[in-house]
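To start, the structure itself, in structure tokens.
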Amino acid sequence: MKKKHAPLPGRRPQRGAVMLIFGLTLVVLIGFAGLAIDLGRFFVIKSELQNAVDACALSAASQLKPGAHDSNALIRAAAYGKVFITGADAVRNKVNFQSMVPDPNVLEITFATSNPGPYNVVDANAAKFVKCNYPLAGLPIYFMQVLNLIGLGPFTTQTVSAMAVATRDAPTAACIPVAACSAPGGTPSNNFGHNVGEWMTAYDGVSYGTGNFGWIDFTPPAGGAAEVKAILAGSMQCNIAQIGDPVGQNGNLDTLQEAWNSRFGWYRHGGAYSTAEAPPDMTGFAYSNLNENGTAGGGNWPSGFNAYSGTSSVPGQLNFIQARAVNKPYQVADDIPRGIKTNQYDAPLNATQLSTLGRADRRIVAAPVVNCNVWNTTPGNQRPPILGWACVLMLNPIENGSTASLIAKLEFLGLASDAASPCSGGAGFAISPVLTQ
């Protein structure tokens, strides 16, 4: 008989070891492949969910009314935020590979006065930011569950969350740093006591009490004349969220008359502004209801009402819409507003120059509404709060001369937020919600 040989010293049987190593390797390979597949799936779900909460935040922010004393603003904001997952738009905001509509009971909508919060504000008059958060829990993990076999789990379900923060954006153009005075008893619901087409004083030396001329510094005392000048001549940026904030700037600020007049295509000899630095409107045509002696009932618009789209009793006078359509220049030879010293200025831009250099939103502007009576009853550098925003037409350049003759007027065209006003929804007054996070 043939003898069986014993295993060599130091060697052990290898039978089955390869299969064990292969099995463990296969589990790990499948696990890592599953990691890529499952994470990719969660990434898609996250993107879908982000779209939904972005829509929620933008829609909710459109209803924020800080400083407007609208007690129902947050109720409307929450309802608008949920519309995007409950109403007709829900089909466009499905998640989990478009297989499900987010649950409105899971959606979290909270408010804050600043970002990053805290998001616990319940005062509709103070809330300036809205946050929409949605945690989508219980999403099954598929391929990575194989890692549970080697003790790397448990991998069963996953929660994917998305969050968005939005606020109402500031106007990006066409505001002026001069007061639109609220009438006694005026509120947003009654246009602050004004009628569309009504003329109001924008700037003079007698209406606002000692030392005040109606100028508005939006960040007192930091802004000062430099801020007012920058808005009038250049960027025109005002922050609509400043409703309720105190504003004001006393003093005549003579150099700002020059910036104001540039919007009419009229520039001072050797002055501080050019058409590049301070572009004009599409028309410089001015409107006045004053006789040469300063009494009402004269000028090219004796009624002192609705120069924007109305008709003058003086034959041949164009309203603002008509004047802008033909780029009508500021009139030097006829019916100029009383008191302007033409020898201090270059010739006004002509129609061709206004057509090529002008901008359509330089005289249709938003002005902050404040209680100007504060300046009269308490002289000095008083700072009344912004009550709202008016859409106005700048009617005429600022006159030069004695303090008593300094005057410029605005025509009230409605609240800047009103759909019917020329400012609403366009470059003139962009009240649009924007994502901030």
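Just remember, in the structure tokens the first chain shown is A, the second B, etc., residues are 1-based per chain, and ligands are 1-based in the order shown.
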I'd like the contact shell of stretch 41-53 of chain A - 8 Å cut-off, only C-alpha atoms, skipping same-chain residues fewer than 5 positions apart - returned as a PyMOL selection string. chain A and resi 84-85+93-97+132-134+160-164
Name the residues of stretch 145-274 of chain A that fall into helix (DSSP H, G or I) according to DSSP on the backbone, using the chain letters and numbers of this document, as a PDB file with N, CA and C atoms, in the first residue's frame.
ATOM      1  N   GLN A 145     -27.547  48.418   1.632  1.00  0.00           N
ATOM      2  CA  GLN A 145     -27.943  47.493   2.692  1.00  0.00           C
ATOM      3  C   GLN A 145     -27.060  46.259   2.735  1.00  0.00           C
ATOM      4  N   VAL A 146     -26.398  45.974   1.632  1.00  0.00           N
ATOM      5  CA  VAL A 146     -25.523  44.803   1.622  1.00  0.00           C
ATOM      6  C   VAL A 146     -24.377  44.961   2.617  1.00  0.00           C
ATOM      7  N   LEU A 147     -24.003  46.210   2.948  1.00  0.00           N
ATOM      8  CA  LEU A 147     -22.938  46.440   3.918  1.00  0.00           C
ATOM      9  C   LEU A 147     -23.357  46.053   5.322  1.00  0.00           C
ATOM     10  N   ASN A 148     -24.658  45.890   5.528  1.00  0.00           N
ATOM     11  CA  ASN A 148     -25.119  45.421   6.834  1.00  0.00           C
ATOM     12  C   ASN A 148     -24.592  44.009   7.116  1.00  0.00           C
ATOM     13  N   LEU A 149     -24.310  43.241   6.057  1.00  0.00           N
ATOM     14  CA  LEU A 149     -23.857  41.856   6.215  1.00  0.00           C
ATOM     15  C   LEU A 149     -22.482  41.767   6.864  1.00  0.00           C
ATOM     16  N   ILE A 150     -21.711  42.843   6.734  1.00  0.00           N
ATOM     17  CA  ILE A 150     -20.377  42.805   7.328  1.00  0.00           C
ATOM     18  C   ILE A 150     -20.267  43.799   8.480  1.00  0.00           C
ATOM     19  N   PRO A 188     -51.793 103.705   4.103  1.00  0.00           N
ATOM     20  CA  PRO A 188     -51.650 103.015   2.816  1.00  0.00           C
ATOM     21  C   PRO A 188     -52.976 102.729   2.138  1.00  0.00           C
ATOM     22  N   SER A 189     -54.029 102.494   2.913  1.00  0.00           N
ATOM     23  CA  SER A 189     -55.323 102.147   2.323  1.00  0.00           C
ATOM     24  C   SER A 189     -55.981 103.321   1.607  1.00  0.00           C
ATOM     25  N   ASN A 190     -55.594 104.562   1.944  1.00  0.00           N
ATOM     26  CA  ASN A 190     -56.175 105.721   1.245  1.00  0.00           C
ATOM     27  C   ASN A 190     -55.102 106.532   0.516  1.00  0.00           C
ATOM     28  N   ASN A 191     -54.061 105.840   0.063  1.00  0.00           N
ATOM     29  CA  ASN A 191     -52.969 106.484  -0.685  1.00  0.00           C
ATOM     30  C   ASN A 191     -52.310 107.607   0.104  1.00  0.00           C
ATOM     31  N   PHE A 192     -52.267 107.438   1.433  1.00  0.00           N
ATOM     32  CA  PHE A 192     -51.679 108.440   2.322  1.00  0.00           C
ATOM     33  C   PHE A 192     -52.337 109.807   2.129  1.00  0.00           C
ATOM     34  N   GLY A 193     -53.621 109.776   1.778  1.00  0.00           N
ATOM     35  CA  GLY A 193     -54.398 111.008   1.675  1.00  0.00           C
ATOM     36  C   GLY A 193     -54.264 111.734   0.357  1.00  0.00           C
ATOM     37  N   GLY A 224     -25.716 111.152   4.713  1.00  0.00           N
ATOM     38  CA  GLY A 224     -25.499 112.564   4.486  1.00  0.00           C
ATOM     39  C   GLY A 224     -25.657 112.972   3.036  1.00  0.00           C
ATOM     40  N   ALA A 225     -25.083 114.115   2.707  1.00  0.00           N
ATOM     41  CA  ALA A 225     -25.218 114.671   1.358  1.00  0.00           C
ATOM     42  C   ALA A 225     -24.635 113.745   0.298  1.00  0.00           C
ATOM     43  N   ALA A 226     -23.569 113.009   0.641  1.00  0.00           N
ATOM     44  CA  ALA A 226     -22.944 112.123  -0.339  1.00  0.00           C
ATOM     45  C   ALA A 226     -23.903 111.025  -0.781  1.00  0.00           C
ATOM     46  N   GLU A 227     -24.660 110.468   0.174  1.00  0.00           N
ATOM     47  CA  GLU A 227     -25.622 109.430  -0.185  1.00  0.00           C
ATOM     48  C   GLU A 227     -26.751 109.991  -1.038  1.00  0.00           C
ATOM     49  N   VAL A 228     -27.268 111.151  -0.637  1.00  0.00           N
ATOM     50  CA  VAL A 228     -28.355 111.770  -1.389  1.00  0.00           C
ATOM     51  C   VAL A 228     -27.911 112.052  -2.815  1.00  0.00           C
ATOM     52  N   LYS A 229     -26.702 112.584  -2.964  1.00  0.00           N
ATOM     53  CA  LYS A 229     -26.165 112.895  -4.293  1.00  0.00           C
ATOM     54  C   LYS A 229     -25.984 111.632  -5.130  1.00  0.00           C
ATOM     55  N   ALA A 230     -25.485 110.564  -4.515  1.00  0.00           N
ATOM     56  CA  ALA A 230     -25.254 109.325  -5.255  1.00  0.00           C
ATOM     57  C   ALA A 230     -26.565 108.742  -5.785  1.00  0.00           C
ATOM     58  N   ILE A 231     -27.621 108.850  -4.990  1.00  0.00           N
ATOM     59  CA  ILE A 231     -28.911 108.323  -5.438  1.00  0.00           C
ATOM     60  C   ILE A 231     -29.484 109.171  -6.562  1.00  0.00           C
ATOM     61  N   LEU A 232     -29.428 110.486  -6.396  1.00  0.00           N
ATOM     62  CA  LEU A 232     -29.985 111.372  -7.417  1.00  0.00           C
ATOM     63  C   LEU A 232     -29.233 111.278  -8.736  1.00  0.00           C
ATOM     64  N   ALA A 233     -27.924 111.254  -8.673  1.00  0.00           N
ATOM     65  CA  ALA A 233     -27.128 111.309  -9.886  1.00  0.00           C
ATOM     66  C   ALA A 233     -26.838 109.934 -10.468  1.00  0.00           C
ATOM     67  N   ILE A 240     -36.360  98.972   0.120  1.00  0.00           N
ATOM     68  CA  ILE A 240     -37.775  98.985   0.481  1.00  0.00           C
ATOM     69  C   ILE A 240     -38.018  98.423   1.865  1.00  0.00           C
ATOM     70  N   ALA A 241     -37.096  97.617   2.353  1.00  0.00           N
ATOM     71  CA  ALA A 241     -37.257  97.044   3.685  1.00  0.00           C
ATOM     72  C   ALA A 241     -37.103  98.085   4.783  1.00  0.00           C
ATOM     73  N   GLN A 242     -36.805  99.328   4.403  1.00  0.00           N
ATOM     74  CA  GLN A 242     -36.595 100.368   5.399  1.00  0.00           C
ATOM     75  C   GLN A 242     -37.901 100.976   5.907  1.00  0.00           C
ATOM     76  N   THR A 255     -25.646 121.715  -4.013  1.00  0.00           N
ATOM     77  CA  THR A 255     -25.090 120.899  -5.092  1.00  0.00           C
ATOM     78  C   THR A 255     -26.069 119.834  -5.557  1.00  0.00           C
ATOM     79  N   LEU A 256     -27.047 119.479  -4.704  1.00  0.00           N
ATOM     80  CA  LEU A 256     -27.998 118.451  -5.108  1.00  0.00           C
ATOM     81  C   LEU A 256     -29.033 118.979  -6.086  1.00  0.00           C
ATOM     82  N   GLN A 257     -29.199 120.311  -6.141  1.00  0.00           N
ATOM     83  CA  GLN A 257     -30.075 120.869  -7.161  1.00  0.00           C
ATOM     84  C   GLN A 257     -29.544 120.514  -8.552  1.00  0.00           C
ATOM     85  N   GLU A 258     -28.236 120.569  -8.665  1.00  0.00           N
ATOM     86  CA  GLU A 258     -27.587 120.244  -9.933  1.00  0.00           C
ATOM     87  C   GLU A 258     -27.832 118.789 -10.317  1.00  0.00           C
ATOM     88  N   ALA A 259     -27.765 117.888  -9.333  1.00  0.00           N
ATOM     89  CA  ALA A 259     -28.014 116.476  -9.605  1.00  0.00           C
ATOM     90  C   ALA A 259     -29.480 116.261  -9.997  1.00  0.00           C
ATOM     91  N   TRP A 260     -30.377 116.941  -9.304  1.00  0.00           N
ATOM     92  CA  TRP A 260     -31.809 116.848  -9.620  1.00  0.00           C
ATOM     93  C   TRP A 260     -32.069 117.295 -11.060  1.00  0.00           C
ATOM     94  N   ASN A 261     -31.519 118.443 -11.447  1.00  0.00           N
ATOM     95  CA  ASN A 261     -31.780 119.012 -12.765  1.00  0.00           C
ATOM     96  C   ASN A 261     -31.202 118.171 -13.892  1.00  0.00           C
ATOM     97  N   SER A 262     -30.206 117.343 -13.579  1.00  0.00           N
ATOM     98  CA  SER A 262     -29.616 116.498 -14.632  1.00  0.00           C
ATOM     99  C   SER A 262     -30.632 115.514 -15.177  1.00  0.00           C
TER     100      SER A 262
END
With 10 Å as the cut-off and only C-alpha atoms counted, what is the closest atom pair between each nearby residue of stretch 236-337 of chain A and stretch 358-377 of chain A? Distances in Å to one decimal, ordered by chain and number, as a Markdown table.
| residue | atom | partner | partner_atom | distance |
| --- | --- | --- | --- | --- |
| A:Met236 | CA | A:Arg362 | CA | 9.1 |
| A:Cys238 | CA | A:Ala366 | CA | 9.0 |
| A:Ile240 | CA | A:Pro368 | CA | 9.0 |
| A:Gln242 | CA | A:Pro368 | CA | 9.5 |
| A:Ile243 | CA | A:Pro368 | CA | 8.6 |
| A:Gly244 | CA | A:Val370 | CA | 9.6 |
| A:Pro246 | CA | A:Val370 | CA | 9.3 |
| A:Val247 | CA | A:Val370 | CA | 8.7 |
| A:Gly248 | CA | A:Trp375 | CA | 9.4 |
| A:Asn250 | CA | A:Trp375 | CA | 9.4 |
| A:Trp260 | CA | A:Arg363 | CA | 9.8 |
| A:Ser262 | CA | A:Arg362 | CA | 9.6 |
| A:Arg263 | CA | A:Arg362 | CA | 6.1 |
| A:Phe264 | CA | A:Arg363 | CA | 8.1 |
| A:Gly265 | CA | A:Gly358 | CA | 8.1 |
| A:Thr275 | CA | A:Gly358 | CA | 8.5 |
| A:Ala278 | CA | A:Arg362 | CA | 9.7 |
| A:Pro279 | CA | A:Gly358 | CA | 6.1 |
| A:Pro280 | CA | A:Gly358 | CA | 4.8 |
| A:Asp281 | CA | A:Arg362 | CA | 4.7 |
| A:Met282 | CA | A:Gly358 | CA | 4.4 |
| A:Thr283 | CA | A:Gly358 | CA | 7.5 |
| A:Gly284 | CA | A:Arg363 | CA | 8.9 |
| A:Tyr308 | CA | A:Ile364 | CA | 9.5 |
| A:Phe320 | CA | A:Arg363 | CA | 9.7 |
| A:Arg324 | CA | A:Ala360 | CA | 8.1 |
| A:Asn327 | CA | A:Gly358 | CA | 8.8 |
Just N, CA and C atoms for this one: save the residues we selected as a PDB file, in the first residue's frame.
ATOM      1  N   MET A 236     -29.333 105.223  -7.687  1.00  0.00           N
ATOM      2  CA  MET A 236     -30.772 105.272  -7.419  1.00  0.00           C
ATOM      3  C   MET A 236     -31.249 104.129  -6.546  1.00  0.00           C
ATOM      4  N   CYS A 238     -32.553 102.259  -3.403  1.00  0.00           N
ATOM      5  CA  CYS A 238     -33.173 102.449  -2.099  1.00  0.00           C
ATOM      6  C   CYS A 238     -33.634 101.093  -1.587  1.00  0.00           C
ATOM      7  N   ILE A 240     -36.360  98.972   0.120  1.00  0.00           N
ATOM      8  CA  ILE A 240     -37.775  98.985   0.481  1.00  0.00           C
ATOM      9  C   ILE A 240     -38.018  98.423   1.865  1.00  0.00           C
ATOM     10  N   GLN A 242     -36.805  99.328   4.403  1.00  0.00           N
ATOM     11  CA  GLN A 242     -36.595 100.368   5.399  1.00  0.00           C
ATOM     12  C   GLN A 242     -37.901 100.976   5.907  1.00  0.00           C
ATOM     13  N   ILE A 243     -39.050 100.465   5.497  1.00  0.00           N
ATOM     14  CA  ILE A 243     -40.304 100.975   6.034  1.00  0.00           C
ATOM     15  C   ILE A 243     -40.272 100.865   7.556  1.00  0.00           C
ATOM     16  N   GLY A 244     -40.559 101.991   8.213  1.00  0.00           N
ATOM     17  CA  GLY A 244     -40.501 102.040   9.660  1.00  0.00           C
ATOM     18  C   GLY A 244     -39.207 102.612  10.194  1.00  0.00           C
ATOM     19  N   PRO A 246     -36.225 105.417  10.698  1.00  0.00           N
ATOM     20  CA  PRO A 246     -36.165 106.884  10.686  1.00  0.00           C
ATOM     21  C   PRO A 246     -35.219 107.394   9.608  1.00  0.00           C
ATOM     22  N   VAL A 247     -35.628 108.451   8.907  1.00  0.00           N
ATOM     23  CA  VAL A 247     -34.823 109.015   7.828  1.00  0.00           C
ATOM     24  C   VAL A 247     -34.884 110.539   7.914  1.00  0.00           C
ATOM     25  N   GLY A 248     -34.025 111.209   7.152  1.00  0.00           N
ATOM     26  CA  GLY A 248     -34.066 112.660   7.098  1.00  0.00           C
ATOM     27  C   GLY A 248     -32.699 113.267   6.913  1.00  0.00           C
ATOM     28  N   ASN A 250     -31.266 117.422   6.948  1.00  0.00           N
ATOM     29  CA  ASN A 250     -31.561 118.848   6.907  1.00  0.00           C
ATOM     30  C   ASN A 250     -30.510 119.581   6.106  1.00  0.00           C
ATOM     31  N   TRP A 260     -30.377 116.941  -9.304  1.00  0.00           N
ATOM     32  CA  TRP A 260     -31.809 116.848  -9.620  1.00  0.00           C
ATOM     33  C   TRP A 260     -32.069 117.295 -11.060  1.00  0.00           C
ATOM     34  N   SER A 262     -30.206 117.343 -13.579  1.00  0.00           N
ATOM     35  CA  SER A 262     -29.616 116.498 -14.632  1.00  0.00           C
ATOM     36  C   SER A 262     -30.632 115.514 -15.177  1.00  0.00           C
ATOM     37  N   ARG A 263     -31.614 115.158 -14.376  1.00  0.00           N
ATOM     38  CA  ARG A 263     -32.625 114.214 -14.850  1.00  0.00           C
ATOM     39  C   ARG A 263     -33.502 114.832 -15.945  1.00  0.00           C
ATOM     40  N   PHE A 264     -33.459 116.148 -16.060  1.00  0.00           N
ATOM     41  CA  PHE A 264     -34.194 116.842 -17.107  1.00  0.00           C
ATOM     42  C   PHE A 264     -33.301 117.140 -18.317  1.00  0.00           C
ATOM     43  N   GLY A 265     -32.107 116.560 -18.320  1.00  0.00           N
ATOM     44  CA  GLY A 265     -31.184 116.795 -19.426  1.00  0.00           C
ATOM     45  C   GLY A 265     -30.603 118.187 -19.418  1.00  0.00           C
ATOM     46  N   THR A 275     -23.517 113.457 -18.644  1.00  0.00           N
ATOM     47  CA  THR A 275     -24.557 112.489 -19.000  1.00  0.00           C
ATOM     48  C   THR A 275     -24.158 111.068 -18.632  1.00  0.00           C
ATOM     49  N   ALA A 278     -24.605 111.137 -14.634  1.00  0.00           N
ATOM     50  CA  ALA A 278     -25.981 111.418 -14.223  1.00  0.00           C
ATOM     51  C   ALA A 278     -26.859 111.449 -15.468  1.00  0.00           C
ATOM     52  N   PRO A 279     -27.253 110.301 -15.978  1.00  0.00           N
ATOM     53  CA  PRO A 279     -28.031 110.266 -17.226  1.00  0.00           C
ATOM     54  C   PRO A 279     -29.397 110.919 -17.060  1.00  0.00           C
ATOM     55  N   PRO A 280     -29.931 111.479 -18.145  1.00  0.00           N
ATOM     56  CA  PRO A 280     -31.232 112.132 -18.087  1.00  0.00           C
ATOM     57  C   PRO A 280     -32.367 111.151 -18.331  1.00  0.00           C
ATOM     58  N   ASP A 281     -33.572 111.654 -18.184  1.00  0.00           N
ATOM     59  CA  ASP A 281     -34.747 110.903 -18.597  1.00  0.00           C
ATOM     60  C   ASP A 281     -34.842 110.959 -20.124  1.00  0.00           C
ATOM     61  N   MET A 282     -35.845 110.280 -20.685  1.00  0.00           N
ATOM     62  CA  MET A 282     -36.069 110.315 -22.127  1.00  0.00           C
ATOM     63  C   MET A 282     -36.643 111.656 -22.583  1.00  0.00           C
ATOM     64  N   THR A 283     -37.181 112.429 -21.636  1.00  0.00           N
ATOM     65  CA  THR A 283     -37.666 113.774 -21.925  1.00  0.00           C
ATOM     66  C   THR A 283     -37.315 114.691 -20.765  1.00  0.00           C
ATOM     67  N   GLY A 284     -37.005 115.950 -21.105  1.00  0.00           N
ATOM     68  CA  GLY A 284     -36.741 116.943 -20.076  1.00  0.00           C
ATOM     69  C   GLY A 284     -37.872 117.939 -19.929  1.00  0.00           C
ATOM     70  N   TYR A 308     -49.127 113.761 -16.150  1.00  0.00           N
ATOM     71  CA  TYR A 308     -48.629 112.470 -16.632  1.00  0.00           C
ATOM     72  C   TYR A 308     -49.371 112.029 -17.893  1.00  0.00           C
ATOM     73  N   PHE A 320     -46.772 114.118 -20.135  1.00  0.00           N
ATOM     74  CA  PHE A 320     -45.487 113.438 -19.995  1.00  0.00           C
ATOM     75  C   PHE A 320     -45.369 112.240 -20.934  1.00  0.00           C
ATOM     76  N   ARG A 324     -42.431 112.109 -23.656  1.00  0.00           N
ATOM     77  CA  ARG A 324     -41.417 111.056 -23.647  1.00  0.00           C
ATOM     78  C   ARG A 324     -41.370 110.327 -24.983  1.00  0.00           C
ATOM     79  N   ASN A 327     -39.291 112.494 -27.176  1.00  0.00           N
ATOM     80  CA  ASN A 327     -38.065 113.003 -26.546  1.00  0.00           C
ATOM     81  C   ASN A 327     -38.042 114.530 -26.506  1.00  0.00           C
TER      82      ASN A 327
END
Tell me, as number ranges by chain, which residues lie within 9 Å of A:Leu290, counting only C-alpha atoms; anything in the same chain fewer than 5 positions away does not count. A: 295-302, 304, 337-338
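Proximity to A:Asp346 was assessed for A:Tyr287, A:Tyr330, A:Tyr119, A:Tyr208 counting only C-alpha atoms; the smallest distance is recorded for A:Tyr330.
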Just how far from atom CA of A:Ser417 is atom CA of A:Asp70, in Å to one decimal? 14.4 Å
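Between atom CA of A:Tyr345 and atom CA of A:Gly234 the interatomic distance comes to 19.8 Å.
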Compile the contact shell of A:Ala286 as an NGL selection string: residues with an atom at most 10 Å away, counting only C-alpha atoms, same-chain residues fewer than 4 positions apart removed. :A and (264 or 300-301 or 307 or 318-320 or 323 or 328-332 or 335-337 or 394-397)
